[in-house]
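Note sheet for the following structure.
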Amino acid sequence: MYLKGGRAADRLQESPTPVFTTSPRVTLLTHDGASALGIAAIPLLAAIIVGVLLYRGILADSRNARAAAWSLSAVLTAAGVVGFVTILIGVVVVPVGVLLLVACGQTVPPRLR
């Protein structure tokens, strides 16, 4: 017991305890505004374009359309890998890019069926 001012005070433990602080959690839209929607829409836009290119590549037997679909899928995947380092959106972009590459690999031209 410690004596303080002539009276007995309770024993205080002076062990250092870590203090945890939390930062407020906000959404990407709240933090960055409407510009965040444009970045988040890139995988959706790429998926739609690749889908149209693959459809045209199969329907019209267009080698150029299939090559463009492969190229766009590869560029999206590469951008997602770079996005891991620069911004967090790469976590979403890489799986979309890989699935688009798989979709490109699953298409068979009509002349090879």
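Ordering of the structure tokens sets the chain letters (A, B, ...); residue numbers start at 1 within each chain; ligands are numbered from 1 in the order shown.
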What's the 8 Å shell around Pro95 of chain A, counting only C-alpha atoms, without same-chain residues fewer than 4 positions away, as a PyMOL selection string? chain A and resi 77+91+99
Shell of 9 Å around Val93 of chain A, only C-alpha atoms, local chain residues under 4 positions omitted, as an NGL selection string: :A and (40 or 42-43 or 76-77 or 79-81 or 83 or 89 or 97-98)
Select from chain A everything DSSP, run on the backbone, classes as helix (DSSP H, G or I), then give the selection as a PyMOL selection string. chain A and resi 28-32+35-40+42-59+63-86+90-106+110-112
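Summary of the local environment: counting only C-alpha atoms, residues at most 12 Å from Arg111 of chain A, other than itself and those fewer than 3 positions away along its chain, are A:Gly57, A:Ile58, A:Leu59, A:Ala60, A:Asp61, A:Ser62, A:Arg63, A:Thr107, A:Val108.
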Residue contacts of Ile49 of chain A (9 Å, only C-alpha atoms) excluding same-chain residues fewer than 5 positions away, as JSON, numbers by chain: {"A": [44, 54, 69, 72]}
